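Engineer: A single structure is presented below for examination.
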Amino acid sequence: RFDPKYVNMCMDVNHVMDKYNELPDIIAHFAPSLRTMHINDYDGIDEKHWFPGQGVINWAEVMKAVRAIDHDVTLIMECTKQLEVFGRPADPYFRLKQTENAFWYMENSEEIEQRLKEFTIKY
């Protein structure tokens with residue numbers, strides 16, 4: 001109900017909880033007010049702060065909805081929790097590369113998800 005020129009929002013995709021299949025519609029609904037999105041994947045039940053592609057969110061559909069927004073939206077990646085090795089922080093270069101890979105996945109998720117559906121192991 002608020003005029004987007006006065007009030008904007010940062011959407012955390014985990015906070016839709018069990019409504020993750022509705023994310024593209026939710027994004028479209030709030031598009032005029034969206035300025036940032038907190039990007040991370042999860043199990044559809046509780047926040048996990050996983051990288052995109054590790055959980056239940058359909059990133060191909062989410063990215064279509066994001067691209068349909070008629071203004072710039074900053075995507076903020078959740079990455080700290082995922083970048084530990086045996087309970088210790090990973091090498092900074094590894095952290096940066098994994099985060100970069102997660103953004104690459106999001107940018108190409110439509111093609112990647114289609115290829116995953118078509119892939120089978122031949123016995």
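Letters A, B, ... go to the chains of the structure tokens in the order shown; residues in each chain start at 1; ligands are counted from 1 in the same order.
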So that I can see what lies close to segment 21-29 of chain A, please list as a PyMOL selection string the residues with an atom at most 9 Å from it, counting only C-alpha atoms and leaving out residues fewer than 2 positions away in the same chain.
Structural biologist: chain A and resi 11+13+16+18-19+31-32+34+56-58+61-66+68-69
Engineer: Write the residues of the preceding selection, restricted to all heavy atoms, as a CSV table (one decimal), in the first residue's frame.
Structural biologist:
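Here's the written file result.csv:
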chain,number,residue,atom,x,y,z
A,11,MET,N,13.9,-8.0,-0.2
A,11,MET,CA,13.2,-9.3,0.0
A,11,MET,C,14.2,-10.4,0.2
A,11,MET,O,15.2,-10.6,-0.5
A,11,MET,CB,12.4,-9.6,-1.3
A,11,MET,CG,11.7,-10.9,-1.3
A,11,MET,SD,10.9,-11.2,-2.8
A,11,MET,CE,9.9,-12.6,-2.3
A,13,VAL,N,14.5,-14.2,0.1
A,13,VAL,CA,13.7,-15.3,-0.6
A,13,VAL,C,13.4,-16.5,0.4
A,13,VAL,O,12.4,-17.2,0.2
A,13,VAL,CB,14.4,-15.8,-1.9
A,13,VAL,CG1,14.5,-14.7,-2.9
A,13,VAL,CG2,15.8,-16.4,-1.6
A,16,VAL,N,9.8,-16.6,2.6
A,16,VAL,CA,8.4,-17.0,2.1
A,16,VAL,C,8.1,-18.4,2.6
A,16,VAL,O,7.0,-19.0,2.4
A,16,VAL,CB,8.3,-17.0,0.5
A,16,VAL,CG1,8.5,-15.6,0.0
A,16,VAL,CG2,9.2,-18.0,-0.1
A,18,ASP,N,7.3,-22.0,3.2
A,18,ASP,CA,6.7,-23.1,2.4
A,18,ASP,C,6.0,-22.6,1.1
A,18,ASP,O,5.5,-23.4,0.4
A,18,ASP,CB,5.8,-24.0,3.2
A,18,ASP,CG,4.5,-23.2,3.7
A,18,ASP,OD1,4.5,-22.0,3.7
A,18,ASP,OD2,3.6,-23.9,4.1
A,19,LYS,N,6.1,-21.3,0.8
A,19,LYS,CA,5.5,-20.7,-0.4
A,19,LYS,C,6.5,-20.5,-1.5
A,19,LYS,O,6.4,-19.7,-2.4
A,19,LYS,CB,4.8,-19.4,0.0
A,19,LYS,CG,3.8,-19.4,1.1
A,19,LYS,CD,2.5,-20.0,0.6
A,19,LYS,CE,1.5,-19.8,1.7
A,19,LYS,NZ,0.5,-20.8,1.8
A,31,ALA,N,7.4,-6.0,-7.1
A,31,ALA,CA,8.4,-5.5,-8.0
A,31,ALA,C,8.5,-3.9,-7.9
A,31,ALA,O,9.7,-3.4,-7.8
A,31,ALA,CB,8.1,-5.9,-9.5
A,32,PRO,N,7.4,-3.2,-7.9
A,32,PRO,CA,7.6,-1.7,-7.8
A,32,PRO,C,8.4,-1.3,-6.6
A,32,PRO,O,9.1,-0.2,-6.6
A,32,PRO,CB,6.2,-1.2,-7.7
A,32,PRO,CG,5.4,-2.3,-8.4
A,32,PRO,CD,6.0,-3.5,-8.0
A,34,LEU,N,10.7,-3.3,-4.8
A,34,LEU,CA,11.9,-4.1,-4.6
A,34,LEU,C,13.1,-3.3,-5.0
A,34,LEU,O,13.2,-2.8,-6.1
A,34,LEU,CB,11.9,-5.4,-5.4
A,34,LEU,CG,11.1,-6.6,-4.8
A,34,LEU,CD1,11.1,-7.8,-5.7
A,34,LEU,CD2,11.7,-7.0,-3.4
A,56,VAL,N,15.5,-25.9,-2.8
A,56,VAL,CA,14.2,-26.2,-3.5
A,56,VAL,C,13.7,-25.0,-4.4
A,56,VAL,O,12.8,-25.2,-5.1
A,56,VAL,CB,13.1,-26.5,-2.4
A,56,VAL,CG1,13.4,-27.7,-1.7
A,56,VAL,CG2,12.8,-25.3,-1.5
A,57,ILE,N,14.4,-23.9,-4.3
A,57,ILE,CA,13.9,-22.7,-5.1
A,57,ILE,C,14.2,-23.0,-6.6
A,57,ILE,O,15.3,-23.4,-7.0
A,57,ILE,CB,14.6,-21.4,-4.6
A,57,ILE,CG1,14.1,-21.1,-3.2
A,57,ILE,CG2,14.4,-20.3,-5.6
A,57,ILE,CD1,14.8,-19.9,-2.6
A,58,ASN,N,13.2,-22.7,-7.4
A,58,ASN,CA,13.3,-22.8,-8.9
A,58,ASN,C,14.0,-21.5,-9.4
A,58,ASN,O,13.3,-20.5,-9.6
A,58,ASN,CB,12.0,-23.0,-9.5
A,58,ASN,CG,12.0,-23.1,-11.0
A,58,ASN,OD1,12.9,-22.6,-11.7
A,58,ASN,ND2,11.1,-23.8,-11.5
A,61,GLU,N,12.9,-19.8,-12.8
A,61,GLU,CA,11.7,-19.0,-12.7
A,61,GLU,C,11.9,-17.7,-11.9
A,61,GLU,O,11.4,-16.6,-12.2
A,61,GLU,CB,10.5,-19.8,-12.1
A,61,GLU,CG,10.1,-20.9,-13.0
A,61,GLU,CD,9.7,-20.4,-14.4
A,61,GLU,OE1,8.9,-19.5,-14.5
A,61,GLU,OE2,10.1,-21.0,-15.4
A,62,VAL,N,12.7,-17.8,-10.8
A,62,VAL,CA,13.0,-16.6,-10.0
A,62,VAL,C,13.7,-15.6,-10.9
A,62,VAL,O,13.4,-14.4,-10.8
A,62,VAL,CB,13.8,-16.9,-8.7
A,62,VAL,CG1,14.4,-15.7,-8.1
A,62,VAL,CG2,12.9,-17.7,-7.7
A,63,MET,N,14.7,-16.0,-11.6
A,63,MET,CA,15.5,-15.1,-12.4
A,63,MET,C,14.6,-14.5,-13.5
A,63,MET,O,14.8,-13.3,-13.9
A,63,MET,CB,16.7,-15.8,-13.0
A,63,MET,CG,17.8,-16.1,-11.9
A,63,MET,SD,18.2,-14.6,-10.9
A,63,MET,CE,19.0,-13.6,-12.1
A,64,LYS,N,13.7,-15.2,-14.1
A,64,LYS,CA,12.8,-14.6,-15.1
A,64,LYS,C,12.0,-13.5,-14.4
A,64,LYS,O,11.8,-12.4,-15.0
A,64,LYS,CB,11.8,-15.7,-15.6
A,64,LYS,CG,12.4,-16.6,-16.6
A,64,LYS,CD,11.3,-17.5,-17.1
A,64,LYS,CE,11.8,-18.7,-17.9
A,64,LYS,NZ,10.8,-19.7,-18.2
A,65,ALA,N,11.5,-13.7,-13.2
A,65,ALA,CA,10.8,-12.6,-12.5
A,65,ALA,C,11.7,-11.4,-12.2
A,65,ALA,O,11.2,-10.3,-12.3
A,65,ALA,CB,10.2,-13.2,-11.2
A,66,VAL,N,12.9,-11.7,-11.8
A,66,VAL,CA,13.8,-10.6,-11.5
A,66,VAL,C,14.1,-9.8,-12.7
A,66,VAL,O,14.1,-8.6,-12.7
A,66,VAL,CB,15.1,-11.1,-10.8
A,66,VAL,CG1,16.2,-10.1,-10.8
A,66,VAL,CG2,14.9,-11.7,-9.5
A,68,ALA,N,12.3,-9.3,-15.2
A,68,ALA,CA,11.1,-8.6,-15.6
A,68,ALA,C,10.9,-7.3,-14.9
A,68,ALA,O,10.1,-6.5,-15.3
A,68,ALA,CB,9.8,-9.5,-15.5
A,69,ILE,N,11.6,-7.1,-13.8
A,69,ILE,CA,11.5,-5.9,-13.0
A,69,ILE,C,12.0,-4.7,-13.9
A,69,ILE,O,13.1,-4.8,-14.4
A,69,ILE,CB,12.2,-6.0,-11.7
A,69,ILE,CG1,11.5,-7.1,-10.8
A,69,ILE,CG2,12.2,-4.7,-10.9
A,69,ILE,CD1,12.3,-7.4,-9.6
Engineer: What parts of chain A does DSSP call alpha helix (DSSP H)? I'd like the answer as a PyMOL selection string.
Structural biologist: chain A and resi 23-30+59-67+92-107+109-118
Engineer: Quick one: residues within 10 Å of Gln54 of chain A, only C-alpha atoms, excluding same-chain residues fewer than 2 positions away - as an mmCIF file with all heavy atoms, in the first residue's frame?
Structural biologist:
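What landed in result05.cif:
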data_model
loop_
_atom_site.group_PDB
_atom_site.id
_atom_site.type_symbol
_atom_site.label_atom_id
_atom_site.label_comp_id
_atom_site.auth_asym_id
_atom_site.auth_seq_id
_atom_site.Cartn_x
_atom_site.Cartn_y
_atom_site.Cartn_z
ATOM 1 N N ASN A 40 19.507 -16.659 -1.274
ATOM 2 C CA ASN A 40 20.037 -17.886 -0.683
ATOM 3 C C ASN A 40 18.989 -18.971 -0.845
ATOM 4 O O ASN A 40 17.810 -18.695 -1.021
ATOM 5 C CB ASN A 40 20.436 -17.688 0.775
ATOM 6 C CG ASN A 40 19.360 -17.080 1.638
ATOM 7 O OD1 ASN A 40 18.727 -17.761 2.430
ATOM 8 N ND2 ASN A 40 19.116 -15.784 1.507
ATOM 9 N N ASP A 41 19.411 -20.210 -0.830
ATOM 10 C CA ASP A 41 18.505 -21.333 -1.034
ATOM 11 C C ASP A 41 18.270 -22.039 0.294
ATOM 12 O O ASP A 41 18.985 -21.803 1.276
ATOM 13 C CB ASP A 41 19.105 -22.310 -2.054
ATOM 14 C CG ASP A 41 18.067 -22.913 -2.989
ATOM 15 O OD1 ASP A 41 16.911 -23.099 -2.546
ATOM 16 O OD2 ASP A 41 18.410 -23.232 -4.136
ATOM 17 N N TYR A 42 17.268 -22.887 0.320
ATOM 18 C CA TYR A 42 16.922 -23.586 1.557
ATOM 19 C C TYR A 42 16.082 -24.810 1.256
ATOM 20 O O TYR A 42 15.845 -25.153 0.103
ATOM 21 C CB TYR A 42 16.231 -22.640 2.538
ATOM 22 C CG TYR A 42 14.840 -22.183 2.137
ATOM 23 C CD1 TYR A 42 13.741 -22.448 2.939
ATOM 24 C CD2 TYR A 42 14.620 -21.475 0.965
ATOM 25 C CE1 TYR A 42 12.472 -22.012 2.593
ATOM 26 C CE2 TYR A 42 13.363 -21.040 0.613
ATOM 27 C CZ TYR A 42 12.284 -21.316 1.423
ATOM 28 O OH TYR A 42 11.038 -20.893 1.081
ATOM 29 N N ASP A 43 15.649 -25.490 2.310
ATOM 30 C CA ASP A 43 14.925 -26.763 2.157
ATOM 31 C C ASP A 43 13.411 -26.595 2.071
ATOM 32 O O ASP A 43 12.675 -27.564 2.032
ATOM 33 C CB ASP A 43 15.281 -27.722 3.290
ATOM 34 C CG ASP A 43 14.906 -27.195 4.665
ATOM 35 O OD1 ASP A 43 14.321 -26.100 4.780
ATOM 36 O OD2 ASP A 43 15.200 -27.903 5.657
ATOM 37 N N LYS A 48 18.323 -22.054 5.575
ATOM 38 C CA LYS A 48 19.571 -22.809 5.548
ATOM 39 C C LYS A 48 20.737 -21.956 5.066
ATOM 40 O O LYS A 48 21.878 -22.314 5.283
ATOM 41 C CB LYS A 48 19.439 -24.043 4.637
ATOM 42 C CG LYS A 48 18.394 -25.022 5.100
ATOM 43 C CD LYS A 48 18.771 -25.630 6.424
ATOM 44 C CE LYS A 48 17.735 -26.649 6.856
ATOM 45 N NZ LYS A 48 17.943 -27.117 8.206
ATOM 46 N N HIS A 49 20.446 -20.884 4.342
ATOM 47 C CA HIS A 49 21.477 -19.990 3.811
ATOM 48 C C HIS A 49 22.413 -20.710 2.844
ATOM 49 O O HIS A 49 23.600 -20.441 2.811
ATOM 50 C CB HIS A 49 22.260 -19.320 4.948
ATOM 51 C CG HIS A 49 21.390 -18.580 5.892
ATOM 52 N ND1 HIS A 49 20.942 -17.310 5.628
ATOM 53 C CD2 HIS A 49 20.841 -18.939 7.084
ATOM 54 C CE1 HIS A 49 20.165 -16.906 6.627
ATOM 55 N NE2 HIS A 49 20.087 -17.870 7.511
ATOM 56 N N TRP A 50 21.848 -21.613 2.029
ATOM 57 C CA TRP A 50 22.619 -22.338 1.028
ATOM 58 C C TRP A 50 22.805 -21.482 -0.213
ATOM 59 O O TRP A 50 22.044 -20.547 -0.459
ATOM 60 C CB TRP A 50 21.896 -23.615 0.626
ATOM 61 C CG TRP A 50 21.777 -24.650 1.696
ATOM 62 C CD1 TRP A 50 22.600 -24.842 2.763
ATOM 63 C CD2 TRP A 50 20.768 -25.664 1.785
ATOM 64 N NE1 TRP A 50 22.153 -25.913 3.510
ATOM 65 C CE2 TRP A 50 21.043 -26.424 2.929
ATOM 66 C CE3 TRP A 50 19.661 -25.994 1.010
ATOM 67 C CZ2 TRP A 50 20.260 -27.503 3.318
ATOM 68 C CZ3 TRP A 50 18.872 -27.069 1.394
ATOM 69 C CH2 TRP A 50 19.179 -27.816 2.531
ATOM 70 N N PHE A 51 23.779 -21.855 -1.026
ATOM 71 C CA PHE A 51 23.945 -21.215 -2.326
ATOM 72 C C PHE A 51 22.785 -21.597 -3.240
ATOM 73 O O PHE A 51 22.216 -22.693 -3.111
ATOM 74 C CB PHE A 51 25.250 -21.643 -2.989
ATOM 75 C CG PHE A 51 26.466 -20.910 -2.506
ATOM 76 C CD1 PHE A 51 27.581 -21.607 -2.089
ATOM 77 C CD2 PHE A 51 26.508 -19.527 -2.486
ATOM 78 C CE1 PHE A 51 28.714 -20.945 -1.661
ATOM 79 C CE2 PHE A 51 27.637 -18.853 -2.060
ATOM 80 C CZ PHE A 51 28.742 -19.563 -1.645
ATOM 81 N N PRO A 52 22.428 -20.744 -4.189
ATOM 82 C CA PRO A 52 21.391 -21.093 -5.166
ATOM 83 C C PRO A 52 21.715 -22.420 -5.860
ATOM 84 O O PRO A 52 22.863 -22.672 -6.225
ATOM 85 C CB PRO A 52 21.435 -19.933 -6.159
ATOM 86 C CG PRO A 52 21.910 -18.783 -5.342
ATOM 87 C CD PRO A 52 22.919 -19.375 -4.397
ATOM 88 N N VAL A 56 15.462 -25.937 -2.757
ATOM 89 C CA VAL A 56 14.196 -26.170 -3.457
ATOM 90 C C VAL A 56 13.741 -25.023 -4.368
ATOM 91 O O VAL A 56 12.794 -25.193 -5.119
ATOM 92 C CB VAL A 56 13.066 -26.465 -2.447
ATOM 93 C CG1 VAL A 56 13.371 -27.736 -1.670
ATOM 94 C CG2 VAL A 56 12.843 -25.291 -1.495
ATOM 95 N N ILE A 57 14.384 -23.875 -4.304
ATOM 96 C CA ILE A 57 13.928 -22.732 -5.101
ATOM 97 C C ILE A 57 14.193 -22.983 -6.582
ATOM 98 O O ILE A 57 15.270 -23.447 -6.966
ATOM 99 C CB ILE A 57 14.610 -21.432 -4.634
ATOM 100 C CG1 ILE A 57 14.124 -21.069 -3.223
ATOM 101 C CG2 ILE A 57 14.351 -20.291 -5.609
ATOM 102 C CD1 ILE A 57 14.796 -19.863 -2.611
ATOM 103 N N ALA A 102 28.092 -19.213 -7.758
ATOM 104 C CA ALA A 102 26.665 -19.185 -7.422
ATOM 105 C C ALA A 102 25.937 -18.144 -8.269
ATOM 106 O O ALA A 102 24.828 -18.391 -8.754
ATOM 107 C CB ALA A 102 26.470 -18.911 -5.927
#
Engineer: List every residue of chain A that DSSP, applied to the backbone of this structure, places in strand (DSSP E), and write the result as JSON, numbers by chain.
Structural biologist: {"A": [9, 10, 11, 12, 34, 35, 36, 37, 38, 39, 74, 75, 76, 77, 84, 85, 88, 89]}
Engineer: Let me see the file: selected residues, all heavy atoms, as a short mmCIF file (atom, residue, chain, number, x, y, z; two decimals), in the first residue's frame.
Structural biologist:
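Contents of the output file part_30.cif:
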data_model
loop_
_atom_site.label_atom_id
_atom_site.label_comp_id
_atom_site.auth_asym_id
_atom_site.auth_seq_id
_atom_site.Cartn_x
_atom_site.Cartn_y
_atom_site.Cartn_z
N MET A 9 11.89 -2.03 -0.44
CA MET A 9 12.10 -3.22 0.39
C MET A 9 13.26 -4.06 -0.10
O MET A 9 13.64 -4.01 -1.26
CB MET A 9 10.84 -4.06 0.45
CG MET A 9 10.38 -4.67 -0.84
SD MET A 9 8.80 -5.55 -0.73
CE MET A 9 9.24 -6.98 0.18
N CYS A 10 13.79 -4.84 0.84
CA CYS A 10 14.76 -5.89 0.57
C CYS A 10 14.02 -7.19 0.84
O CYS A 10 13.54 -7.43 1.94
CB CYS A 10 15.96 -5.77 1.49
SG CYS A 10 17.09 -7.18 1.33
N MET A 11 13.93 -8.03 -0.18
CA MET A 11 13.22 -9.29 -0.04
C MET A 11 14.20 -10.41 0.23
O MET A 11 15.16 -10.60 -0.52
CB MET A 11 12.44 -9.60 -1.31
CG MET A 11 11.72 -10.91 -1.26
SD MET A 11 10.88 -11.18 -2.82
CE MET A 11 9.89 -12.56 -2.34
N ASP A 12 13.98 -11.16 1.29
CA ASP A 12 14.76 -12.37 1.57
C ASP A 12 13.96 -13.54 1.06
O ASP A 12 12.86 -13.82 1.55
CB ASP A 12 15.01 -12.50 3.07
CG ASP A 12 15.95 -13.64 3.42
OD1 ASP A 12 15.89 -14.69 2.74
OD2 ASP A 12 16.72 -13.49 4.37
N LEU A 34 10.66 -3.35 -4.80
CA LEU A 34 11.90 -4.10 -4.59
C LEU A 34 13.12 -3.30 -5.02
O LEU A 34 13.16 -2.78 -6.12
CB LEU A 34 11.87 -5.41 -5.38
CG LEU A 34 11.12 -6.57 -4.78
CD1 LEU A 34 11.12 -7.75 -5.74
CD2 LEU A 34 11.69 -6.98 -3.44
N ARG A 35 14.08 -3.20 -4.15
CA ARG A 35 15.35 -2.56 -4.48
C ARG A 35 16.52 -3.51 -4.26
O ARG A 35 17.53 -3.41 -4.92
CB ARG A 35 15.56 -1.29 -3.64
CG ARG A 35 14.59 -0.18 -3.97
CD ARG A 35 14.73 0.29 -5.41
NE ARG A 35 13.75 1.30 -5.76
CZ ARG A 35 12.55 1.06 -6.30
NH1 ARG A 35 12.17 -0.17 -6.58
NH2 ARG A 35 11.72 2.04 -6.59
N THR A 36 16.38 -4.43 -3.30
CA THR A 36 17.41 -5.43 -3.06
C THR A 36 16.75 -6.77 -2.78
O THR A 36 15.59 -6.83 -2.34
CB THR A 36 18.32 -5.06 -1.86
OG1 THR A 36 17.52 -4.99 -0.68
CG2 THR A 36 19.04 -3.76 -2.08
N MET A 37 17.49 -7.84 -3.05
CA MET A 37 17.02 -9.19 -2.73
C MET A 37 18.14 -9.95 -2.05
O MET A 37 19.27 -9.97 -2.53
CB MET A 37 16.57 -9.93 -3.99
CG MET A 37 15.31 -9.35 -4.60
SD MET A 37 14.76 -10.26 -6.06
CE MET A 37 14.26 -11.80 -5.30
N HIS A 38 17.82 -10.55 -0.92
CA HIS A 38 18.75 -11.39 -0.18
C HIS A 38 18.62 -12.79 -0.77
O HIS A 38 17.59 -13.44 -0.60
CB HIS A 38 18.38 -11.34 1.29
CG HIS A 38 19.30 -12.10 2.17
ND1 HIS A 38 18.92 -12.51 3.42
CD2 HIS A 38 20.56 -12.53 2.01
CE1 HIS A 38 19.92 -13.16 3.99
NE2 HIS A 38 20.92 -13.18 3.14
N ILE A 39 19.64 -13.23 -1.48
CA ILE A 39 19.60 -14.46 -2.26
C ILE A 39 20.26 -15.60 -1.49
O ILE A 39 21.43 -15.50 -1.12
CB ILE A 39 20.32 -14.26 -3.61
CG1 ILE A 39 19.67 -13.15 -4.41
CG2 ILE A 39 20.42 -15.55 -4.38
CD1 ILE A 39 18.23 -13.40 -4.80
N THR A 74 19.41 -4.84 -6.63
CA THR A 74 20.68 -5.37 -6.16
C THR A 74 20.44 -6.74 -5.53
O THR A 74 19.60 -6.87 -4.64
CB THR A 74 21.33 -4.42 -5.14
OG1 THR A 74 21.52 -3.15 -5.76
CG2 THR A 74 22.66 -4.96 -4.64
N LEU A 75 21.19 -7.75 -5.99
CA LEU A 75 21.11 -9.09 -5.43
C LEU A 75 22.25 -9.26 -4.42
O LEU A 75 23.41 -9.08 -4.77
CB LEU A 75 21.20 -10.14 -6.53
CG LEU A 75 20.17 -10.02 -7.65
CD1 LEU A 75 20.37 -11.13 -8.67
CD2 LEU A 75 18.75 -10.03 -7.11
N ILE A 76 21.89 -9.60 -3.21
CA ILE A 76 22.86 -9.76 -2.12
C ILE A 76 22.97 -11.25 -1.82
O ILE A 76 21.98 -11.89 -1.45
CB ILE A 76 22.41 -8.99 -0.87
CG1 ILE A 76 22.21 -7.51 -1.19
CG2 ILE A 76 23.42 -9.19 0.27
CD1 ILE A 76 21.48 -6.75 -0.10
N MET A 77 24.16 -11.81 -1.99
CA MET A 77 24.35 -13.25 -1.83
C MET A 77 24.67 -13.61 -0.39
O MET A 77 25.51 -12.98 0.25
CB MET A 77 25.49 -13.71 -2.73
CG MET A 77 25.77 -15.19 -2.68
SD MET A 77 24.48 -16.20 -3.42
CE MET A 77 24.67 -15.81 -5.14
N GLU A 84 32.70 -22.73 4.97
CA GLU A 84 33.56 -23.23 6.03
C GLU A 84 34.04 -24.62 5.63
O GLU A 84 33.34 -25.36 4.95
CB GLU A 84 32.80 -23.31 7.35
CG GLU A 84 32.42 -21.95 7.90
CD GLU A 84 31.71 -22.04 9.23
OE1 GLU A 84 31.41 -23.16 9.69
OE2 GLU A 84 31.46 -20.99 9.81
N VAL A 85 35.22 -24.95 6.06
CA VAL A 85 35.77 -26.29 5.84
C VAL A 85 36.10 -26.85 7.22
O VAL A 85 36.93 -26.29 7.93
CB VAL A 85 37.02 -26.24 4.94
CG1 VAL A 85 37.61 -27.62 4.77
CG2 VAL A 85 36.68 -25.61 3.59
N ARG A 88 35.94 -24.35 10.05
CA ARG A 88 36.82 -23.18 10.00
C ARG A 88 36.58 -22.42 8.70
O ARG A 88 36.24 -23.03 7.69
CB ARG A 88 38.29 -23.60 10.08
CG ARG A 88 38.66 -24.14 11.45
CD ARG A 88 40.09 -24.52 11.48
NE ARG A 88 40.24 -25.69 10.58
CZ ARG A 88 41.39 -26.25 10.26
NH1 ARG A 88 42.50 -25.76 10.72
NH2 ARG A 88 41.44 -27.28 9.47
N PRO A 89 36.79 -21.11 8.72
CA PRO A 89 36.60 -20.34 7.48
C PRO A 89 37.50 -20.86 6.36
O PRO A 89 38.66 -21.22 6.59
CB PRO A 89 37.00 -18.92 7.87
CG PRO A 89 36.84 -18.87 9.35
CD PRO A 89 37.16 -20.26 9.85
#
Engineer: Let me make sure I understand: among A:Gln98, A:Gln114, A:Ser33, A:Asn14, which one has the smallest atom-to-atom distance to Phe2 of chain A if we use only C-alpha atoms?
Structural biologist: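 Of A:Gln98, A:Gln114, A:Ser33, A:Asn14, the one nearest Phe2 of chain A, counting only C-alpha atoms, is A:Ser33.
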Engineer: Record the distance separating atom CA of Trp104 of chain A and atom CA of Pro92 of chain A, expressed in Å with one decimal.
Structural biologist: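 Going from atom CA of Trp104 of chain A over to atom CA of Pro92 of chain A, I get 18.4 Å.
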